[in-house]
$ cat my_file-v8.pdb   # PDB, C-alpha atoms
ATOM      1  CA  MET A   1       4.608  21.751  30.794  1.00  0.00           C
ATOM      2  CA  ILE A   2       6.187  19.690  27.978  1.00  0.00           C
ATOM      3  CA  GLY A   3       9.142  22.069  27.988  1.00  0.00           C
ATOM      4  CA  SER A   4       9.765  21.466  31.680  1.00  0.00           C
ATOM      5  CA  LEU A   5       9.571  17.699  31.145  1.00  0.00           C
ATOM      6  CA  LEU A   6      12.131  17.913  28.352  1.00  0.00           C
ATOM      7  CA  MET A   7      14.442  19.991  30.542  1.00  0.00           C
ATOM      8  CA  ALA A   8      14.294  17.296  33.251  1.00  0.00           C
ATOM      9  CA  LEU A   9      15.445  14.529  30.891  1.00  0.00           C
ATOM     10  CA  PRO A  10      19.173  13.771  30.728  1.00  0.00           C
ATOM     11  CA  ALA A  11      20.773  15.114  27.540  1.00  0.00           C
ATOM     12  CA  GLY A  12      21.766  11.646  26.304  1.00  0.00           C
ATOM     13  CA  LEU A  13      18.249  10.275  26.643  1.00  0.00           C
ATOM     14  CA  LEU A  14      16.793  13.342  24.921  1.00  0.00           C
ATOM     15  CA  LEU A  15      19.244  12.928  22.032  1.00  0.00           C
ATOM     16  CA  ALA A  16      18.382   9.222  21.710  1.00  0.00           C
ATOM     17  CA  LEU A  17      14.647  10.002  21.656  1.00  0.00           C
ATOM     18  CA  CYS A  18      15.101  12.657  18.978  1.00  0.00           C
ATOM     19  CA  CYS A  19      17.193  10.362  16.763  1.00  0.00           C
ATOM     20  CA  CYS A  20      14.687   7.529  17.167  1.00  0.00           C
ATOM     21  CA  CYS A  21      11.725   9.768  16.327  1.00  0.00           C
ATOM     22  CA  GLN A  22      13.474  11.224  13.276  1.00  0.00           C
ATOM     23  CA  SER A  23      14.301   7.797  11.862  1.00  0.00           C
ATOM     24  CA  LEU A  24      10.720   6.582  12.398  1.00  0.00           C
ATOM     25  CA  ALA A  25       9.159   9.735  10.973  1.00  0.00           C
ATOM     26  CA  ALA A  26      11.407   9.604   7.899  1.00  0.00           C
ATOM     27  CA  ALA A  27       9.787   6.434   6.549  1.00  0.00           C
ATOM     28  CA  GLU A  28       7.727   6.819   3.394  1.00  0.00           C
ATOM     29  CA  LEU A  29       6.333   3.783   1.635  1.00  0.00           C
ATOM     30  CA  LYS A  30       5.965   4.029  -2.141  1.00  0.00           C
ATOM     31  CA  LEU A  31       3.964   1.541  -4.242  1.00  0.00           C
ATOM     32  CA  ASN A  32       3.510   1.633  -7.992  1.00  0.00           C
ATOM     33  CA  PRO A  33       0.881   0.792  -9.222  1.00  0.00           C
ATOM     34  CA  ARG A  34      -1.738   0.947  -6.448  1.00  0.00           C
ATOM     35  CA  LEU A  35      -4.637  -0.294  -8.564  1.00  0.00           C
ATOM     36  CA  CYS A  36      -5.281  -3.824  -9.810  1.00  0.00           C
ATOM     37  CA  LEU A  37      -7.860  -4.566 -12.515  1.00  0.00           C
ATOM     38  CA  HIS A  38      -9.174  -8.079 -13.086  1.00  0.00           C
ATOM     39  CA  TYR A  39     -11.967 -10.012 -14.778  1.00  0.00           C
ATOM     40  CA  PRO A  40     -14.868 -11.553 -12.839  1.00  0.00           C
ATOM     41  CA  GLN A  41     -14.193 -14.967 -11.248  1.00  0.00           C
ATOM     42  CA  GLU A  42     -10.404 -14.344 -11.304  1.00  0.00           C
ATOM     43  CA  SER A  43      -8.005 -13.130  -8.664  1.00  0.00           C
ATOM     44  CA  CYS A  44      -5.903 -10.113  -9.419  1.00  0.00           C
ATOM     45  CA  GLU A  45      -2.194 -10.646 -10.063  1.00  0.00           C
ATOM     46  CA  LEU A  46      -0.290  -7.429  -9.451  1.00  0.00           C
ATOM     47  CA  LYS A  47       3.420  -6.821  -9.976  1.00  0.00           C
ATOM     48  CA  VAL A  48       4.220  -3.829  -7.825  1.00  0.00           C
ATOM     49  CA  LYS A  49       7.385  -1.770  -7.326  1.00  0.00           C
ATOM     50  CA  VAL A  50       7.947  -1.230  -3.617  1.00  0.00           C
ATOM     51  CA  SER A  51      10.396   1.237  -2.115  1.00  0.00           C
ATOM     52  CA  TRP A  52      10.997   3.022   1.153  1.00  0.00           C
ATOM     53  CA  GLN A  53      13.716   5.115   2.753  1.00  0.00           C
ATOM     54  CA  GLN A  54      14.430   4.102   6.315  1.00  0.00           C
ATOM     55  CA  GLN A  55      17.576   4.104   8.453  1.00  0.00           C
ATOM     56  CA  VAL A  56      16.540   1.153  10.586  1.00  0.00           C
ATOM     57  CA  PRO A  57      15.475  -2.169   9.034  1.00  0.00           C
ATOM     58  CA  ALA A  58      11.756  -2.394   8.279  1.00  0.00           C
ATOM     59  CA  CYS A  59       9.367  -5.028   6.953  1.00  0.00           C
ATOM     60  CA  LEU A  60       6.384  -4.818   4.618  1.00  0.00           C
ATOM     61  CA  TYR A  61       3.237  -6.701   5.673  1.00  0.00           C
ATOM     62  CA  GLN A  62      -0.257  -7.232   4.374  1.00  0.00           C
ATOM     63  CA  LYS A  63      -2.460  -5.789   7.127  1.00  0.00           C
ATOM     64  CA  SER A  64      -3.122  -8.295   9.924  1.00  0.00           C
ATOM     65  CA  ALA A  65      -0.598 -10.790   8.481  1.00  0.00           C
ATOM     66  CA  THR A  66       2.034 -12.276  10.764  1.00  0.00           C
ATOM     67  CA  GLU A  67       4.655 -13.038   8.104  1.00  0.00           C
ATOM     68  CA  PRO A  68       6.370 -10.167   6.251  1.00  0.00           C
ATOM     69  CA  LEU A  69       6.360  -9.886   2.451  1.00  0.00           C
ATOM     70  CA  LEU A  70       9.736  -8.076   2.382  1.00  0.00           C
ATOM     71  CA  CYS A  71      12.318  -6.867   4.904  1.00  0.00           C
ATOM     72  CA  GLY A  72      15.293  -4.552   4.619  1.00  0.00           C
ATOM     73  CA  ASN A  73      16.478  -0.956   4.674  1.00  0.00           C
ATOM     74  CA  GLY A  74      14.477   0.078   1.616  1.00  0.00           C
ATOM     75  CA  GLY A  75      15.583   0.561  -1.923  1.00  0.00           C
ATOM     76  CA  GLU A  76      13.358  -0.519  -4.794  1.00  0.00           C
ATOM     77  CA  GLN A  77      12.115  -4.094  -5.038  1.00  0.00           C
ATOM     78  CA  GLN A  78       9.592  -5.983  -7.189  1.00  0.00           C
ATOM     79  CA  LEU A  79       6.772  -7.803  -5.452  1.00  0.00           C
ATOM     80  CA  LYS A  80       4.093 -10.070  -6.921  1.00  0.00           C
ATOM     81  CA  LEU A  81       0.733 -10.089  -5.125  1.00  0.00           C
ATOM     82  CA  MET A  82      -2.396 -12.187  -5.680  1.00  0.00           C
ATOM     83  CA  LEU A  83      -5.353 -10.101  -4.489  1.00  0.00           C
ATOM     84  CA  THR A  84      -9.111 -10.638  -4.331  1.00  0.00           C
ATOM     85  CA  SER A  85     -10.092  -7.391  -2.572  1.00  0.00           C
ATOM     86  CA  HIS A  86      -8.700  -4.021  -1.481  1.00  0.00           C
ATOM     87  CA  THR A  87      -5.564  -4.636   0.570  1.00  0.00           C
ATOM     88  CA  ARG A  88      -3.616  -2.393   2.935  1.00  0.00           C
ATOM     89  CA  LEU A  89       0.166  -2.841   2.964  1.00  0.00           C
ATOM     90  CA  GLU A  90       1.978  -1.715   6.097  1.00  0.00           C
ATOM     91  CA  LEU A  91       5.615  -0.812   6.653  1.00  0.00           C
ATOM     92  CA  ARG A  92       6.650  -1.720  10.208  1.00  0.00           C
ATOM     93  CA  ALA A  93       9.944  -1.353  12.068  1.00  0.00           C
ATOM     94  CA  GLN A  94      11.607  -4.773  12.032  1.00  0.00           C
ATOM     95  CA  GLN A  95      12.665  -4.793  15.702  1.00  0.00           C
ATOM     96  CA  SER A  96       9.718  -3.117  17.423  1.00  0.00           C
ATOM     97  CA  GLY A  97       6.857  -3.736  14.981  1.00  0.00           C
ATOM     98  CA  VAL A  98       5.895  -0.035  15.137  1.00  0.00           C
ATOM     99  CA  LEU A  99       3.785   1.064  12.161  1.00  0.00           C
ATOM    100  CA  LEU A 100       5.835   3.476  10.028  1.00  0.00           C
ATOM    101  CA  ASP A 101       3.575   3.985   6.985  1.00  0.00           C
ATOM    102  CA  SER A 102       0.833   2.249   5.008  1.00  0.00           C
ATOM    103  CA  ARG A 103      -0.764   2.336   1.556  1.00  0.00           C
ATOM    104  CA  LEU A 104      -3.990   0.924   0.154  1.00  0.00           C
ATOM    105  CA  VAL A 105      -3.971  -1.174  -3.027  1.00  0.00           C
ATOM    106  CA  ARG A 106      -7.393  -1.083  -4.666  1.00  0.00           C
ATOM    107  CA  VAL A 107      -8.846  -3.992  -6.637  1.00  0.00           C
ATOM    108  CA  LEU A 108     -11.415  -3.290  -9.353  1.00  0.00           C
ATOM    109  CA  GLN A 109     -13.329  -5.821 -11.416  1.00  0.00           C
ATOM    110  CA  VAL A 110     -13.611  -5.246 -15.177  1.00  0.00           C
ATOM    111  CA  ASP A 111     -16.739  -6.494 -16.958  1.00  0.00           C
ATOM    112  CA  LEU A 112     -16.249  -6.185 -20.715  1.00  0.00           C
ATOM    113  CA  ASN A 113     -19.902  -7.059 -21.420  1.00  0.00           C
ATOM    114  CA  ALA A 114     -21.129  -4.104 -19.372  1.00  0.00           C
ATOM    115  CA  GLY A 115     -19.749  -1.717 -22.000  1.00  0.00           C
ATOM    116  CA  ASP A 116     -21.762  -3.393 -24.769  1.00  0.00           C
ATOM    117  CA  GLN A 117     -24.965  -3.240 -22.724  1.00  0.00           C
ATOM    118  CA  LEU A 118     -24.394   0.428 -21.962  1.00  0.00           C
ATOM    119  CA  LEU A 119     -23.818   1.189 -25.651  1.00  0.00           C
ATOM    120  CA  LYS A 120     -27.029  -0.624 -26.652  1.00  0.00           C
ATOM    121  CA  ARG A 121     -29.050   1.334 -24.071  1.00  0.00           C
ATOM    122  CA  SER A 122     -27.480   4.567 -25.259  1.00  0.00           C
ATOM    123  CA  ARG A 123     -28.353   3.834 -28.913  1.00  0.00           C
ATOM    124  CA  ALA A 124     -31.915   2.932 -27.980  1.00  0.00           C
ATOM    125  CA  SER A 125     -32.359   6.367 -26.423  1.00  0.00           C
ATOM    126  CA  TRP A 126     -31.438   8.076 -29.717  1.00  0.00           C
ATOM    127  CA  GLY A 127     -34.809   7.194 -31.206  1.00  0.00           C
ATOM    128  CA  THR A 128     -35.599   6.939 -34.907  1.00  0.00           C
ATOM    129  CA  PRO A 129     -35.585   9.998 -37.185  1.00  0.00           C
TER     130      PRO A 129
END
$ encode --input "my_file-v8.pdb" --output "structure tokens"
Amino acid sequence: MIGSLLMALPAGLLLALCCCCQSLAAAELKLNPRLCLHYPQESCELKVKVSWQQQVPACLYQKSATEPLLCGNGGEQQLKLMLTSHTRLELRAQQSGVLLDSRLVRVLQVDLNAGDQLLKRSRASWGTP
């Protein structure tokens, strides 16, 4: 059935659809690093390298944000983020807003005192000779 639909389309339209789909499918968003560690009561400041390969201009957004963080054809760029929780970054086509790719940046809290408490509990379980 799909084959017969494709045969019915004019050749020019079919070619345009194929080119459009290839350029959208070619997008791959790369983030490095994708993990942010921070101390309790502080937000996480993350300097991330962002890159993507895309033939049509695209923009990088924090999920559900209306303003883009970056726009362009890709290449590698530095981005500074202030995060308080896990955040999904989305690469969207600049003209249509179609989602091309997304990555999750995880935020983990580091509690330096927890290590000391764990060590004390571990030593207590050794017992006395």
$ resolve_selection --input "my_file-v8.pdb" --expression "the PyMOL selection byres ((chain A and resi 58-69) around 7)" --output "VMD selection string"
chain A and resid 56 to 57 70 to 73 88 to 94
$ residues_around --input "my_file-v8.pdb" --residues "segment 102-107 of chain A" --least-positions-apart "3" --cutoff "8 Å" --atoms "all atoms listed in the file" --output "PyMOL selection string"
chain A and resi 29-31+34-38+44+83-91+99
$ closest_residue --input "my_file-v8.pdb" --among "A:Glu28, A:Asp101, A:Pro33, A:Glu76" --to "Val50 of chain A" --atoms "all atoms listed in the file"
A:Glu76
$ closest_residue --input "my_file-v8.pdb" --among "A:Asp111, A:Ala27, A:Leu81, A:Ser96" --to "Tyr39 of chain A" --atoms "all atoms listed in the file"
A:Asp111
$ atom_distance --input "my_file-v8.pdb" --atom1 "atom CA of Leu108 of chain A" --atom2 "atom CA of Gly74 of chain A"
28.3 Å
$ atom_distance --input "my_file-v8.pdb" --atom1 "atom CA of Gln77 of chain A" --atom2 "atom CA of Val110 of chain A"
27.7 Å
$ atom_distance --input "my_file-v8.pdb" --atom1 "atom CA of Gly97 of chain A" --atom2 "atom CA of Gln53 of chain A"
16.6 Å
$ resolve_selection --input "my_file-v8.pdb" --expression "the PyMOL selection byres ((chain A and resi 78) around 6)" --output "PyMOL selection string"
chain A and resi 48-49+77+79
$ build_atoms --input "my_file-v8.pdb" --residues "segment 67-91 of chain A" --atoms "N, CA, C and O atoms" --output "CSV table (one decimal), in the coordinates of the input"
chain,number,residue,atom,x,y,z
A,67,GLU,N,3.4,-12.9,8.8
A,67,GLU,CA,4.7,-13.0,8.1
A,67,GLU,C,4.9,-11.9,7.2
A,67,GLU,O,4.0,-11.5,6.4
A,68,PRO,N,6.1,-11.3,7.1
A,68,PRO,CA,6.4,-10.2,6.3
A,68,PRO,C,6.5,-10.6,4.8
A,68,PRO,O,6.9,-11.7,4.5
A,69,LEU,N,6.2,-9.7,3.9
A,69,LEU,CA,6.4,-9.9,2.5
A,69,LEU,C,7.8,-9.6,2.1
A,69,LEU,O,8.4,-10.3,1.2
A,70,LEU,N,8.4,-8.5,2.6
A,70,LEU,CA,9.7,-8.1,2.4
A,70,LEU,C,10.3,-7.5,3.7
A,70,LEU,O,9.6,-6.9,4.5
A,71,CYS,N,11.6,-7.5,3.8
A,71,CYS,CA,12.3,-6.9,4.9
A,71,CYS,C,13.6,-6.3,4.4
A,71,CYS,O,14.2,-6.8,3.4
A,72,GLY,N,14.0,-5.2,5.0
A,72,GLY,CA,15.3,-4.6,4.6
A,72,GLY,C,15.3,-3.1,5.0
A,72,GLY,O,14.5,-2.6,5.7
A,73,ASN,N,16.3,-2.4,4.4
A,73,ASN,CA,16.5,-1.0,4.7
A,73,ASN,C,15.8,-0.1,3.6
A,73,ASN,O,15.9,1.1,3.6
A,74,GLY,N,15.2,-0.7,2.6
A,74,GLY,CA,14.5,0.1,1.6
A,74,GLY,C,15.0,-0.2,0.3
A,74,GLY,O,15.3,-1.4,-0.1
A,75,GLY,N,15.2,0.8,-0.5
A,75,GLY,CA,15.6,0.6,-1.9
A,75,GLY,C,14.3,0.2,-2.7
A,75,GLY,O,13.2,0.1,-2.2
A,76,GLU,N,14.5,-0.1,-4.0
A,76,GLU,CA,13.4,-0.5,-4.8
A,76,GLU,C,13.4,-2.0,-5.0
A,76,GLU,O,14.4,-2.6,-5.4
A,77,GLN,N,12.2,-2.7,-4.8
A,77,GLN,CA,12.1,-4.1,-5.0
A,77,GLN,C,10.8,-4.4,-5.8
A,77,GLN,O,9.9,-3.6,-5.7
A,78,GLN,N,10.8,-5.5,-6.5
A,78,GLN,CA,9.6,-6.0,-7.2
A,78,GLN,C,8.9,-7.0,-6.3
A,78,GLN,O,9.5,-7.8,-5.6
A,79,LEU,N,7.6,-6.9,-6.3
A,79,LEU,CA,6.8,-7.8,-5.5
A,79,LEU,C,5.6,-8.2,-6.3
A,79,LEU,O,4.9,-7.4,-6.9
A,80,LYS,N,5.3,-9.5,-6.2
A,80,LYS,CA,4.1,-10.1,-6.9
A,80,LYS,C,3.0,-10.4,-5.9
A,80,LYS,O,3.3,-11.2,-5.0
A,81,LEU,N,1.8,-9.8,-6.1
A,81,LEU,CA,0.7,-10.1,-5.1
A,81,LEU,C,-0.4,-10.7,-5.9
A,81,LEU,O,-0.7,-10.3,-7.0
A,82,MET,N,-1.1,-11.6,-5.2
A,82,MET,CA,-2.4,-12.2,-5.7
A,82,MET,C,-3.5,-11.6,-4.8
A,82,MET,O,-3.5,-12.0,-3.6
A,83,LEU,N,-4.4,-10.8,-5.3
A,83,LEU,CA,-5.4,-10.1,-4.5
A,83,LEU,C,-6.8,-10.4,-4.9
A,83,LEU,O,-7.0,-10.6,-6.1
A,84,THR,N,-7.7,-10.4,-4.0
A,84,THR,CA,-9.1,-10.6,-4.3
A,84,THR,C,-10.0,-9.4,-3.9
A,84,THR,O,-11.1,-9.3,-4.3
A,85,SER,N,-9.4,-8.6,-3.0
A,85,SER,CA,-10.1,-7.4,-2.6
A,85,SER,C,-9.1,-6.3,-2.2
A,85,SER,O,-7.9,-6.5,-2.2
A,86,HIS,N,-9.6,-5.1,-1.9
A,86,HIS,CA,-8.7,-4.0,-1.5
A,86,HIS,C,-7.8,-4.5,-0.4
A,86,HIS,O,-8.3,-5.2,0.5
A,87,THR,N,-6.5,-4.2,-0.4
A,87,THR,CA,-5.6,-4.6,0.6
A,87,THR,C,-4.7,-3.5,1.1
A,87,THR,O,-4.2,-2.7,0.3
A,88,ARG,N,-4.5,-3.4,2.4
A,88,ARG,CA,-3.6,-2.4,2.9
A,88,ARG,C,-2.3,-3.0,3.2
A,88,ARG,O,-2.2,-4.1,3.8
A,89,LEU,N,-1.2,-2.4,2.7
A,89,LEU,CA,0.2,-2.8,3.0
A,89,LEU,C,0.8,-1.9,4.0
A,89,LEU,O,0.6,-0.7,3.9
A,90,GLU,N,1.4,-2.5,5.0
A,90,GLU,CA,2.0,-1.7,6.1
A,90,GLU,C,3.5,-1.9,6.2
A,90,GLU,O,4.0,-3.0,6.1
A,91,LEU,N,4.2,-0.8,6.4
A,91,LEU,CA,5.6,-0.8,6.7
A,91,LEU,C,5.8,-0.7,8.2
A,91,LEU,O,5.3,0.3,8.8
